[in-house]
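Undergrad: Below is the structure I would like to discuss, written out as structure tokens.
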Amino acid sequence: MSGDRSKKIGVLMGGLSREREVSLRSGQAVLEALQRLGYAVVGIDVDATVAKALEREKIEVAFLALHGRYGEDGCIQGLLEILSIPYTGSSVLASSVAMDKYLTKEIAARLGLATAPDHFWDGHRDGFEALQGKIDESATWVVKPSREGSTIGMAKVQGREQLEAALRQASQFDSQVLIEQFIAGREVTVAILGEELFPIVEIAPKHGFFDFAAKYQSNETEYHCPADLPEALAARLRQDLRRLYQRLGCEGVARADFIIDAAGTPYFLEINTLPGMTATSLVPKAAKAAGVSFDQLVEKILLTARLKNRED
């Protein structure tokens with residue numbers, strides 16, 4: 001969209017996923033930024049009546065501040081396409097594919113990105129015996145729902161007993177589960193907005209690893225931006241993200257996470273097509289390091305809004 005401040009913008013937040021509370025915080029921060037910028041904007045708490053709310057409020061542009069299922073997986077994007085309401089973020093297809101960690105890893109591997117050894121487990125189809133002989137029980141593995149965000153349902157395990165418990169837990173959130181070999185190293189995240197790449201952020205939790213508690217419930221995670229990395233490695237990370245972003249057909253802002261092992265190899269973990277947008281979230285941190293204020297970042301994202309299924 002253009003910078004036309006007469007168009008009515010709806011900030012879609014909340015939603016039906018397990019990331020609802022995080023989404024409400026993102027949405028409120030975006031709403032307040034757009035109000036400061038002088039846009040005609042309202043917040044819409046997304047539920048099963050969202051289509052009626054969009055019609056009632058006469059929304060002309062949707063700013064998506066949703067996270068997780070129904071908001072980040074192509075569902076709301078499909079509804080907005082049908083209603084002919086331009087929206088921020090990626091298309092139906094790109095959103096859906098990127099939400100699936102296992103599928104995205106397969107695409108990343110075909111592009112030449114380094115990925116950790118993994119296994120796929122389907123709780124509807126497979127029993128624990130399906131993994132017999134495939135899993136090195138002496139190794140450490142990370143178990144996570146394939147189609148959830150914010151590290152929900154994720155566990156680090158070793159041995160059959162822990163693995164089975166983690167599979168039971170993860171399958172409560174998604175029948176499709178990714179079992180990924182644990183790689184010790186430095187976790188970094190790289191953000192992109194269209195053609196603009198932001199400084200890399202290193203995430204350094206003081207205890208354990210960067211799970212839901214470390215993200216949202218602890219003050220003991222440190223962030224370093226820009227991350228202290230050799231330029232060649234930083235360039236590779238930026239190139240890896242750009243190639244995946246383009247191959248998936250992503251639009252607007254996205255963020256990819258990597259682990260850098262002791263040998264300096266960056267292993268791709270996942271890509272997020274609707275990353276957190278509170279003032280202290282990772283993308284705003286990266287943008288700030290590039291001299292882009294939170295309000296400027298929000299407006300840049302807003303100006304990318306469009307209908308993706310039409311090329312007129």
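Ordering of the structure tokens sets the chain letters (A, B, ...), residue numbers begin anew at 1 in every chain, and ligands are numbered from 1 in the order given.
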Report as a ChimeraX atom specification all protein, DNA and RNA residues lying within 12 Å of Pro266 (chain A), evaluated on only C-alpha atoms, omitting residues in the same chain fewer than 6 positions from it.

TA: /A:112-116,183-190,229,232-241,256-260

Undergrad: Would you kindly return, as a ChimeraX atom specification, each protein, DNA or RNA residue with an atom no farther than 9 Å from any atom of Ile85 (chain A), considering only C-alpha atoms and excluding same-chain residues fewer than 5 positions away?

TA: /A:59-62,79-80,306-307

Undergrad: Can you spit out the residues from that selection as a PDB file, in the first residue's frame, using N, CA, C and O atoms?

TA:
```pdb
ATOM      1  N   ILE A  59     -12.444  -2.496   7.335  1.00  0.00           N
ATOM      2  CA  ILE A  59     -10.985  -2.544   7.248  1.00  0.00           C
ATOM      3  C   ILE A  59     -10.547  -2.581   5.787  1.00  0.00           C
ATOM      4  O   ILE A  59     -11.049  -3.369   4.991  1.00  0.00           O
ATOM      5  N   GLU A  60      -9.597  -1.720   5.449  1.00  0.00           N
ATOM      6  CA  GLU A  60      -9.073  -1.650   4.083  1.00  0.00           C
ATOM      7  C   GLU A  60      -7.689  -2.275   3.944  1.00  0.00           C
ATOM      8  O   GLU A  60      -7.293  -2.678   2.847  1.00  0.00           O
ATOM      9  N   VAL A  61      -6.946  -2.344   5.050  1.00  0.00           N
ATOM     10  CA  VAL A  61      -5.615  -2.956   5.056  1.00  0.00           C
ATOM     11  C   VAL A  61      -5.446  -3.689   6.390  1.00  0.00           C
ATOM     12  O   VAL A  61      -5.813  -3.153   7.439  1.00  0.00           O
ATOM     13  N   ALA A  62      -4.895  -4.910   6.339  1.00  0.00           N
ATOM     14  CA  ALA A  62      -4.680  -5.690   7.560  1.00  0.00           C
ATOM     15  C   ALA A  62      -3.192  -5.776   7.878  1.00  0.00           C
ATOM     16  O   ALA A  62      -2.393  -6.190   7.031  1.00  0.00           O
ATOM     17  N   LEU A  79      -8.280 -16.070   4.074  1.00  0.00           N
ATOM     18  CA  LEU A  79      -9.505 -15.308   4.306  1.00  0.00           C
ATOM     19  C   LEU A  79      -9.366 -13.888   3.762  1.00  0.00           C
ATOM     20  O   LEU A  79     -10.276 -13.369   3.091  1.00  0.00           O
ATOM     21  N   LEU A  80      -8.231 -13.260   4.004  1.00  0.00           N
ATOM     22  CA  LEU A  80      -8.022 -11.889   3.538  1.00  0.00           C
ATOM     23  C   LEU A  80      -7.970 -11.821   2.011  1.00  0.00           C
ATOM     24  O   LEU A  80      -8.447 -10.851   1.416  1.00  0.00           O
ATOM     25  N   ARG A 306      -0.152  -6.090   0.618  1.00  0.00           N
ATOM     26  CA  ARG A 306      -0.783  -6.235  -0.690  1.00  0.00           C
ATOM     27  C   ARG A 306      -1.508  -7.581  -0.742  1.00  0.00           C
ATOM     28  O   ARG A 306      -1.304  -8.457   0.112  1.00  0.00           O
ATOM     29  N   LEU A 307      -2.347  -7.761  -1.761  1.00  0.00           N
ATOM     30  CA  LEU A 307      -2.933  -9.061  -2.059  1.00  0.00           C
ATOM     31  C   LEU A 307      -1.910  -9.841  -2.880  1.00  0.00           C
ATOM     32  O   LEU A 307      -1.390  -9.341  -3.871  1.00  0.00           O
TER      33      LEU A 307
END
```

Undergrad: Quick one: pull the distance between CA of His119 (chain A) and CA of Val143 (chain A), Å, one decimal.

TA: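 The value is 9.6 Å.
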
Undergrad: Would you kindly return, as a PyMOL selection string, each protein, DNA or RNA residue with an atom no farther than 6 Å from any atom of Thr88 (chain A), considering only C-alpha atoms and excluding same-chain residues fewer than 6 positions away?

TA: chain A and resi 63-64+305

Undergrad: Using N, CA and C atoms, can you write the selected residues to a file as a compact mmCIF listing (two decimals), in the first residue's frame?

TA:
```txt
# COMPACT_ATOMS: atom_id res chain seq x y z
N PHE A 63 -2.84 -5.37 9.08
CA PHE A 63 -1.48 -5.55 9.59
C PHE A 63 -1.53 -6.78 10.49
N LEU A 64 -0.82 -7.84 10.09
CA LEU A 64 -0.88 -9.10 10.82
C LEU A 64 0.13 -9.13 11.96
N ALA A 305 2.14 -4.15 2.49
CA ALA A 305 0.86 -4.87 2.43
C ALA A 305 0.31 -4.92 1.01
```

Undergrad: Using DSSP on the backbone coordinates, identify the residues of region 79-244 of chain A assigned to strand (DSSP E or B); present them as a short mmCIF file (atom, residue, chain, number, x, y, z; two decimals) with C-alpha atoms, in the first residue's frame.

TA:
```cif
data_model
loop_
_atom_site.label_atom_id
_atom_site.label_comp_id
_atom_site.auth_asym_id
_atom_site.auth_seq_id
_atom_site.Cartn_x
_atom_site.Cartn_y
_atom_site.Cartn_z
CA TYR A 87 -2.28 -7.65 4.25
CA ALA A 114 23.45 -26.88 6.49
CA ASP A 118 16.71 -35.41 11.83
CA HIS A 119 13.78 -37.80 11.85
CA PHE A 120 10.09 -37.28 11.23
CA TRP A 121 7.48 -38.90 13.47
CA ASP A 122 3.74 -38.86 12.88
CA THR A 140 21.21 -35.75 22.42
CA TRP A 141 18.10 -34.84 20.42
CA VAL A 142 15.71 -31.90 20.29
CA VAL A 143 12.06 -32.87 19.93
CA LYS A 144 9.58 -30.27 18.72
CA PRO A 145 6.14 -30.07 17.15
CA ALA A 155 12.35 -30.67 24.74
CA LYS A 156 16.01 -31.68 24.75
CA VAL A 157 16.38 -35.40 25.44
CA GLN A 158 18.78 -38.31 25.62
CA GLN A 176 3.74 -34.26 13.26
CA VAL A 177 6.95 -34.11 15.28
CA LEU A 178 10.50 -33.19 14.27
CA ILE A 179 13.32 -35.04 16.04
CA GLU A 180 16.54 -33.16 15.42
CA GLN A 181 20.06 -33.97 16.55
CA ARG A 186 25.87 -20.14 19.40
CA GLU A 187 22.28 -19.34 18.45
CA VAL A 188 21.79 -16.38 16.13
CA THR A 189 18.84 -14.92 14.27
CA VAL A 190 18.82 -12.97 11.01
CA ALA A 191 15.96 -10.68 9.94
CA ILE A 192 14.96 -9.49 6.49
CA LEU A 193 12.37 -7.02 5.22
CA GLU A 196 16.79 -5.08 3.50
CA LEU A 197 18.82 -7.33 5.79
CA VAL A 201 21.38 -10.92 16.75
CA GLU A 202 23.09 -13.49 19.00
CA ILE A 203 20.85 -15.06 21.64
CA ALA A 204 22.63 -16.13 24.83
CA PRO A 205 20.41 -17.71 27.50
CA THR A 221 18.69 -14.19 28.35
CA GLU A 222 21.25 -11.81 26.84
CA TYR A 223 21.14 -10.45 23.31
CA HIS A 224 24.12 -9.15 21.35
#
```

Undergrad: Would you mind telling me which residue in A:Gln246, A:Ser96, A:Ser281, A:Ser26 lies nearest to His67 (chain A) when using only C-alpha atoms?

TA: A:Ser26

Undergrad: Find the residues around region 41-56 of chain A up to 7 Å (only C-alpha atoms counted), leave out those fewer than 6 positions away in its own chain, and share them as a short mmCIF file (atom, residue, chain, number, x, y, z; two decimals) with N, CA, C and O atoms, in the first residue's frame.

TA:
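File written: out_12.cif
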```cif
data_model
loop_
_atom_site.label_atom_id
_atom_site.label_comp_id
_atom_site.auth_asym_id
_atom_site.auth_seq_id
_atom_site.Cartn_x
_atom_site.Cartn_y
_atom_site.Cartn_z
N LYS A 8 -8.33 2.76 6.34
CA LYS A 8 -8.50 2.22 7.69
C LYS A 8 -7.75 0.90 7.81
O LYS A 8 -7.97 -0.03 7.05
N ILE A 9 -6.89 0.86 8.81
CA ILE A 9 -6.02 -0.30 9.03
C ILE A 9 -6.53 -1.08 10.23
O ILE A 9 -6.88 -0.51 11.27
N GLY A 10 -6.57 -2.38 10.09
CA GLY A 10 -6.88 -3.25 11.21
C GLY A 10 -5.63 -4.01 11.63
O GLY A 10 -5.00 -4.66 10.80
N VAL A 11 -5.25 -3.90 12.90
CA VAL A 11 -4.14 -4.69 13.42
C VAL A 11 -4.74 -5.98 13.97
O VAL A 11 -5.45 -5.97 14.98
N LEU A 12 -4.48 -7.08 13.29
CA LEU A 12 -5.04 -8.36 13.70
C LEU A 12 -4.13 -9.01 14.72
O LEU A 12 -2.93 -9.24 14.45
N MET A 13 -4.68 -9.31 15.89
CA MET A 13 -3.87 -9.80 17.00
C MET A 13 -4.65 -10.83 17.81
O MET A 13 -5.83 -11.06 17.56
N GLY A 14 -3.98 -11.42 18.78
CA GLY A 14 -4.65 -12.39 19.65
C GLY A 14 -4.75 -13.74 18.98
O GLY A 14 -3.80 -14.51 18.96
N GLY A 15 -5.91 -14.00 18.43
CA GLY A 15 -6.08 -15.23 17.67
C GLY A 15 -6.38 -16.44 18.53
O GLY A 15 -6.65 -16.35 19.73
N LEU A 16 -6.32 -17.61 17.89
CA LEU A 16 -6.77 -18.86 18.49
C LEU A 16 -5.64 -19.81 18.85
O LEU A 16 -5.90 -20.92 19.29
N LEU A 31 -0.20 -1.36 17.13
CA LEU A 31 -1.34 -0.43 17.16
C LEU A 31 -0.90 0.95 17.66
O LEU A 31 -1.21 1.98 17.05
N LEU A 34 1.28 2.80 15.07
CA LEU A 34 0.52 3.35 13.95
C LEU A 34 -0.31 4.56 14.39
O LEU A 34 -0.49 5.51 13.62
N GLN A 35 -0.78 4.54 15.62
CA GLN A 35 -1.51 5.71 16.15
C GLN A 35 -0.57 6.91 16.25
O GLN A 35 -0.94 8.03 15.89
#
```

Undergrad: Pick from A:Arg247, A:Val97, A:Thr278, A:Val283: nearest to Gln28 (chain A), with only C-alpha atoms counted?

TA: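 Of the candidates, the smallest distance to Gln28 (chain A) is held by A:Thr278.
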
Undergrad: Record the distance separating CA of Ile135 (chain A) and CA of Asn272 (chain A), expressed in Å with one decimal.

TA: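 Atom-to-atom, CA of Ile135 (chain A) to CA of Asn272 (chain A), that is 27.8 Å.
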
Undergrad: Would you please work out which residue, of A:Lys308, A:Leu66, A:Asp136, A:Leu303, is nearest to Ile82 (chain A) when using only C-alpha atoms?

TA: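 Between A:Lys308, A:Leu66, A:Asp136, A:Leu303, the residue approaching Ile82 (chain A) most closely is A:Lys308.
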
Undergrad: Going by DSSP on the backbone, which residues of region 130-276 of chain A come out as alpha helix (DSSP H)? List them as number ranges by chain.

TA: A: 160-170, 212-216, 231-248

Undergrad: Rounded to one decimal place, report the CA of Ala94 (chain A)-CA of Tyr245 (chain A) distance in Å.

TA: 9.1 Å

Undergrad: Given only C-alpha atoms as the basis, pick out the residue of A:Arg125, A:Arg242, A:Arg36, A:Arg18 nearest to Phe173 (chain A).

TA: A:Arg18
